[in-house]
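This report refers to the structure that appears directly beneath it.
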Amino acid sequence: MASKSKILIVGGTGYIGKFIVEASAKAGHPTFILIRESTVSNPVKAKIVDNFKSLGVNLVHGDLYDHERLVKAIKEVDVVISTVGYTALADQVKIIAAIKEAGNIKRFFPSEFGNDVDRVHAVEPAKTAFGTKAQIRRAIEAEGIPYTYVSSNFFAGYFLPNLSQPGATSPPRQSVVILGDGNPKAVFNKEEDIGTFTIRAVDDPRTLNKILYIRPAGNTYSFNELVSLWEKKIGKTLERIYVPEEQVLKNIAEASPPLNVLLAIGHSVFVKGDHTNFEIEASFGVEATELYPDVKYTTVDEFLDQFV
């Protein structure tokens, strides 16, 4: 058995980052996270960092904007995974430059973990965010850096606790607002599973220079199906309020951040069907549950049980 790749994670204390760091350490990869000194002294982040240390994760001081330290950190590993947040997406060109200079990286996973940004029908402000991710893809390809792009669709822990009702803190019990006609299918994946599938792809030749789609059959639901599943669990029928596309677009234009971003992503997924409105073709992509049938992922059905 070949030794497992050493992995550097940039943005490891962020929302999806912490799940990927944990999955990497638990899978036995020598795991490094690039971390700012200031992060360690932040009480919320310090807790996350303590958990990392208990898992044997190595902390490397530095950040995106310190080129020398970044290059030095990259030279110590085989694979770089970026999980930087929304505001730092464009700055991943700095990681690309450092990877190029280091010259030793077998694979780069840029910060994706959502829609496949090359196959979206999004309006602003989601369009710009997706566009930035697409520009990073093109920059990686132009430099000839080996890559895997992880399209993990929706985070279950973000979109399911309130059944995609912006602002709500629990799933609806009376009425539910549905964007469009509720028929396009969306995909909801638990964050731990996204971590597991991402790390499985690291040393897999089948995912090299491909998009890894996490599209499990058990997590693919239309909005209508999702509501029906929830109704069955709580034993009551909800009033369904359908918002036609024209009104959705008007609501996006009138909303302020972050609601306008959420609504625009909702429009892309629930109205346009951008998670599932294309076939995954071997020329550009592979599907995670087909590659790793042994991974026991949490289904939407199981995930919703905790809220009943």
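Ordering of the structure tokens sets the chain letters (A, B, ...); residue numbers start at 1 within each chain; ligands are numbered from 1 in the order shown.
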
Identify, with DSSP run on backbone atoms, the residues in region 77-279 of chain A assigned to alpha helix (DSSP H), and express the list as a PDB file with C-alpha atoms, in the first residue's frame.
```pdb
ATOM      1  CA  VAL A  93      -4.739  32.963  -7.349  1.00  0.00           C
ATOM      2  CA  LYS A  94      -2.131  33.369  -4.577  1.00  0.00           C
ATOM      3  CA  ILE A  95      -2.345  29.641  -3.811  1.00  0.00           C
ATOM      4  CA  ILE A  96      -2.037  28.877  -7.530  1.00  0.00           C
ATOM      5  CA  ALA A  97       1.103  31.056  -7.769  1.00  0.00           C
ATOM      6  CA  ALA A  98       2.614  29.368  -4.708  1.00  0.00           C
ATOM      7  CA  ILE A  99       1.825  25.864  -6.029  1.00  0.00           C
ATOM      8  CA  LYS A 100       3.422  26.820  -9.336  1.00  0.00           C
ATOM      9  CA  GLU A 101       6.566  28.045  -7.576  1.00  0.00           C
ATOM     10  CA  ALA A 102       6.778  25.055  -5.218  1.00  0.00           C
ATOM     11  CA  ALA A 126     -24.908  34.335  -6.987  1.00  0.00           C
ATOM     12  CA  LYS A 127     -23.712  34.703 -10.585  1.00  0.00           C
ATOM     13  CA  THR A 128     -20.604  36.644  -9.515  1.00  0.00           C
ATOM     14  CA  ALA A 129     -19.677  34.181  -6.759  1.00  0.00           C
ATOM     15  CA  PHE A 130     -20.041  31.244  -9.148  1.00  0.00           C
ATOM     16  CA  GLY A 131     -18.135  33.246 -11.774  1.00  0.00           C
ATOM     17  CA  THR A 132     -15.206  33.757  -9.402  1.00  0.00           C
ATOM     18  CA  LYS A 133     -14.990  30.012  -8.757  1.00  0.00           C
ATOM     19  CA  ALA A 134     -15.080  29.380 -12.515  1.00  0.00           C
ATOM     20  CA  GLN A 135     -12.227  31.902 -13.053  1.00  0.00           C
ATOM     21  CA  ILE A 136     -10.145  30.023 -10.469  1.00  0.00           C
ATOM     22  CA  ARG A 137     -10.795  26.774 -12.373  1.00  0.00           C
ATOM     23  CA  ARG A 138      -9.565  28.384 -15.601  1.00  0.00           C
ATOM     24  CA  ALA A 139      -6.445  29.730 -13.847  1.00  0.00           C
ATOM     25  CA  ILE A 140      -5.602  26.252 -12.473  1.00  0.00           C
ATOM     26  CA  GLU A 141      -6.059  24.700 -15.917  1.00  0.00           C
ATOM     27  CA  ALA A 142      -3.990  27.415 -17.605  1.00  0.00           C
ATOM     28  CA  ALA A 156     -27.485  19.473   4.718  1.00  0.00           C
ATOM     29  CA  GLY A 157     -26.587  21.175   7.999  1.00  0.00           C
ATOM     30  CA  TYR A 158     -27.231  24.574   6.479  1.00  0.00           C
ATOM     31  CA  PHE A 159     -30.281  24.026   4.267  1.00  0.00           C
ATOM     32  CA  GLU A 191     -20.981  17.987   5.907  1.00  0.00           C
ATOM     33  CA  GLU A 192     -19.147  15.009   7.466  1.00  0.00           C
ATOM     34  CA  ASP A 193     -19.908  12.969   4.347  1.00  0.00           C
ATOM     35  CA  ILE A 194     -18.602  15.747   2.094  1.00  0.00           C
ATOM     36  CA  GLY A 195     -15.370  15.578   4.112  1.00  0.00           C
ATOM     37  CA  THR A 196     -15.176  11.795   3.757  1.00  0.00           C
ATOM     38  CA  PHE A 197     -15.805  11.748  -0.015  1.00  0.00           C
ATOM     39  CA  THR A 198     -13.375  14.628  -0.637  1.00  0.00           C
ATOM     40  CA  ILE A 199     -10.546  12.864   1.196  1.00  0.00           C
ATOM     41  CA  ARG A 200     -11.266   9.560  -0.561  1.00  0.00           C
ATOM     42  CA  ALA A 201     -10.685  11.371  -3.879  1.00  0.00           C
ATOM     43  CA  PHE A 223     -38.723  20.694  -2.948  1.00  0.00           C
ATOM     44  CA  ASN A 224     -42.165  19.053  -3.192  1.00  0.00           C
ATOM     45  CA  GLU A 225     -40.724  15.647  -2.274  1.00  0.00           C
ATOM     46  CA  LEU A 226     -38.804  17.173   0.621  1.00  0.00           C
ATOM     47  CA  VAL A 227     -41.974  18.773   2.009  1.00  0.00           C
ATOM     48  CA  SER A 228     -43.893  15.489   1.599  1.00  0.00           C
ATOM     49  CA  LEU A 229     -41.160  13.625   3.479  1.00  0.00           C
ATOM     50  CA  TRP A 230     -41.301  16.175   6.309  1.00  0.00           C
ATOM     51  CA  GLU A 231     -45.110  16.057   6.414  1.00  0.00           C
ATOM     52  CA  LYS A 232     -44.978  12.281   6.785  1.00  0.00           C
ATOM     53  CA  LYS A 233     -42.555  12.624   9.704  1.00  0.00           C
ATOM     54  CA  ILE A 234     -44.659  15.183  11.609  1.00  0.00           C
ATOM     55  CA  GLU A 245     -40.008  32.629 -10.932  1.00  0.00           C
ATOM     56  CA  GLU A 246     -40.909  36.201 -11.871  1.00  0.00           C
ATOM     57  CA  GLN A 247     -41.629  36.971  -8.208  1.00  0.00           C
ATOM     58  CA  VAL A 248     -38.476  35.159  -7.049  1.00  0.00           C
ATOM     59  CA  LEU A 249     -36.395  37.395  -9.332  1.00  0.00           C
ATOM     60  CA  LYS A 250     -38.160  40.487  -7.994  1.00  0.00           C
ATOM     61  CA  ASN A 251     -37.519  39.355  -4.396  1.00  0.00           C
ATOM     62  CA  ILE A 252     -33.813  38.832  -5.166  1.00  0.00           C
ATOM     63  CA  ALA A 253     -33.531  42.333  -6.645  1.00  0.00           C
ATOM     64  CA  GLU A 254     -35.200  43.888  -3.611  1.00  0.00           C
ATOM     65  CA  LEU A 259     -30.610  37.220   1.835  1.00  0.00           C
ATOM     66  CA  ASN A 260     -30.222  38.166  -1.844  1.00  0.00           C
ATOM     67  CA  VAL A 261     -27.320  35.682  -2.196  1.00  0.00           C
ATOM     68  CA  LEU A 262     -29.347  32.898  -0.549  1.00  0.00           C
ATOM     69  CA  LEU A 263     -32.372  33.621  -2.724  1.00  0.00           C
ATOM     70  CA  ALA A 264     -30.239  33.714  -5.881  1.00  0.00           C
ATOM     71  CA  ILE A 265     -28.679  30.339  -5.003  1.00  0.00           C
ATOM     72  CA  GLY A 266     -32.184  29.044  -4.250  1.00  0.00           C
TER      73      GLY A 266
END
```

| query | Do you know which residues are at most 12 Å from Lys53 (chain A) counting only C-alpha atoms, after dropping those on the same chain fewer than 2 positions away, and could you put them as an MDAnalysis selection string? | reply | chainID A and resid 21:22 25 31:33 40 46:51 55:60

Could you write out that same residue set with N, CA, C and O atoms as a PDB file, in the first residue's frame?
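Saved file result_26.pdb follows:
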```pdb
ATOM      1  N   VAL A  21     -10.721  18.805   7.330  1.00  0.00           N
ATOM      2  CA  VAL A  21      -9.530  18.569   8.164  1.00  0.00           C
ATOM      3  C   VAL A  21      -9.724  17.291   8.988  1.00  0.00           C
ATOM      4  O   VAL A  21      -8.856  16.415   9.035  1.00  0.00           O
ATOM      5  N   GLU A  22     -10.883  17.192   9.620  1.00  0.00           N
ATOM      6  CA  GLU A  22     -11.182  16.034  10.467  1.00  0.00           C
ATOM      7  C   GLU A  22     -11.171  14.726   9.653  1.00  0.00           C
ATOM      8  O   GLU A  22     -10.601  13.723  10.079  1.00  0.00           O
ATOM      9  N   ALA A  25      -7.539  13.761   8.779  1.00  0.00           N
ATOM     10  CA  ALA A  25      -6.798  13.196   9.922  1.00  0.00           C
ATOM     11  C   ALA A  25      -7.302  11.790  10.252  1.00  0.00           C
ATOM     12  O   ALA A  25      -6.514  10.868  10.473  1.00  0.00           O
ATOM     13  N   THR A  31      -1.775  15.469   8.083  1.00  0.00           N
ATOM     14  CA  THR A  31      -2.638  16.611   7.784  1.00  0.00           C
ATOM     15  C   THR A  31      -2.066  17.897   8.376  1.00  0.00           C
ATOM     16  O   THR A  31      -1.694  17.934   9.550  1.00  0.00           O
ATOM     17  N   PHE A  32      -2.004  18.917   7.537  1.00  0.00           N
ATOM     18  CA  PHE A  32      -1.455  20.218   7.941  1.00  0.00           C
ATOM     19  C   PHE A  32      -2.506  21.282   7.666  1.00  0.00           C
ATOM     20  O   PHE A  32      -3.187  21.218   6.651  1.00  0.00           O
ATOM     21  N   ILE A  33      -2.626  22.249   8.581  1.00  0.00           N
ATOM     22  CA  ILE A  33      -3.491  23.383   8.241  1.00  0.00           C
ATOM     23  C   ILE A  33      -2.694  24.673   8.327  1.00  0.00           C
ATOM     24  O   ILE A  33      -1.881  24.863   9.229  1.00  0.00           O
ATOM     25  N   VAL A  40      -5.564  31.419  16.322  1.00  0.00           N
ATOM     26  CA  VAL A  40      -5.359  30.597  17.512  1.00  0.00           C
ATOM     27  C   VAL A  40      -5.837  31.322  18.771  1.00  0.00           C
ATOM     28  O   VAL A  40      -6.304  30.704  19.723  1.00  0.00           O
ATOM     29  N   ALA A  46     -10.215  28.763  18.605  1.00  0.00           N
ATOM     30  CA  ALA A  46      -9.260  28.031  19.449  1.00  0.00           C
ATOM     31  C   ALA A  46      -9.797  26.643  19.798  1.00  0.00           C
ATOM     32  O   ALA A  46      -9.053  25.661  19.853  1.00  0.00           O
ATOM     33  N   LYS A  47     -11.117  26.569  20.000  1.00  0.00           N
ATOM     34  CA  LYS A  47     -11.760  25.289  20.316  1.00  0.00           C
ATOM     35  C   LYS A  47     -11.619  24.309  19.149  1.00  0.00           C
ATOM     36  O   LYS A  47     -11.328  23.128  19.326  1.00  0.00           O
ATOM     37  N   ILE A  48     -11.846  24.844  17.941  1.00  0.00           N
ATOM     38  CA  ILE A  48     -11.715  24.025  16.727  1.00  0.00           C
ATOM     39  C   ILE A  48     -10.264  23.536  16.595  1.00  0.00           C
ATOM     40  O   ILE A  48     -10.004  22.372  16.324  1.00  0.00           O
ATOM     41  N   VAL A  49      -9.328  24.473  16.842  1.00  0.00           N
ATOM     42  CA  VAL A  49      -7.903  24.161  16.718  1.00  0.00           C
ATOM     43  C   VAL A  49      -7.483  23.103  17.745  1.00  0.00           C
ATOM     44  O   VAL A  49      -6.713  22.188  17.431  1.00  0.00           O
ATOM     45  N   ASP A  50      -8.017  23.188  18.973  1.00  0.00           N
ATOM     46  CA  ASP A  50      -7.703  22.186  20.003  1.00  0.00           C
ATOM     47  C   ASP A  50      -8.158  20.798  19.561  1.00  0.00           C
ATOM     48  O   ASP A  50      -7.460  19.805  19.766  1.00  0.00           O
ATOM     49  N   ASN A  51      -9.349  20.756  18.945  1.00  0.00           N
ATOM     50  CA  ASN A  51      -9.858  19.482  18.413  1.00  0.00           C
ATOM     51  C   ASN A  51      -8.916  18.943  17.339  1.00  0.00           C
ATOM     52  O   ASN A  51      -8.587  17.752  17.330  1.00  0.00           O
ATOM     53  N   LEU A  55      -6.457  15.408  17.158  1.00  0.00           N
ATOM     54  CA  LEU A  55      -6.488  14.441  16.051  1.00  0.00           C
ATOM     55  C   LEU A  55      -5.116  14.287  15.384  1.00  0.00           C
ATOM     56  O   LEU A  55      -4.969  13.558  14.414  1.00  0.00           O
ATOM     57  N   GLY A  56      -4.146  15.037  15.901  1.00  0.00           N
ATOM     58  CA  GLY A  56      -2.789  14.936  15.352  1.00  0.00           C
ATOM     59  C   GLY A  56      -2.519  15.826  14.151  1.00  0.00           C
ATOM     60  O   GLY A  56      -1.565  15.618  13.403  1.00  0.00           O
ATOM     61  N   VAL A  57      -3.368  16.843  13.974  1.00  0.00           N
ATOM     62  CA  VAL A  57      -3.186  17.773  12.846  1.00  0.00           C
ATOM     63  C   VAL A  57      -2.026  18.724  13.150  1.00  0.00           C
ATOM     64  O   VAL A  57      -1.878  19.199  14.278  1.00  0.00           O
ATOM     65  N   ASN A  58      -1.205  18.988  12.140  1.00  0.00           N
ATOM     66  CA  ASN A  58      -0.058  19.904  12.296  1.00  0.00           C
ATOM     67  C   ASN A  58      -0.454  21.322  11.932  1.00  0.00           C
ATOM     68  O   ASN A  58      -1.003  21.548  10.852  1.00  0.00           O
ATOM     69  N   LEU A  59      -0.162  22.277  12.799  1.00  0.00           N
ATOM     70  CA  LEU A  59      -0.472  23.681  12.511  1.00  0.00           C
ATOM     71  C   LEU A  59       0.734  24.333  11.857  1.00  0.00           C
ATOM     72  O   LEU A  59       1.856  24.217  12.340  1.00  0.00           O
ATOM     73  N   VAL A  60       0.493  25.004  10.749  1.00  0.00           N
ATOM     74  CA  VAL A  60       1.557  25.724  10.043  1.00  0.00           C
ATOM     75  C   VAL A  60       1.173  27.197  10.032  1.00  0.00           C
ATOM     76  O   VAL A  60       0.123  27.558   9.483  1.00  0.00           O
TER      77      VAL A  60
END
```

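CA of Leu208 (chain A) is positioned 19.9 Å from CA of Val10 (chain A).
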
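Coordinates place CA of Glu143 (chain A) at a distance of 28.1 Å from CA of His275 (chain A).
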
| Per DSSP on the backbone, what are the strand (DSSP E) residues of region 91-206 of chain A, as a VMD selection string? | chain A and resid 107 to 109 148 to 151 154 to 155 175 to 179 185 to 189

| field | Residues near Ser152 (chain A), cut-off 12 Å, only C-alpha atoms, skip fewer than 5 positions along chain, as a ChimeraX atom specification | value | /A:16,111-117,186-198,211-216,219-220,275-276,286-289

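Picture a line from CA of Gln92 (chain A) to CA of Asn153 (chain A); it runs 20.6 Å.
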
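Comparing A:Ala23, A:Thr39, A:Ser256, A:Asp204 by their smallest distance to Tyr292 (chain A), the closest is A:Asp204 (using only C-alpha atoms).
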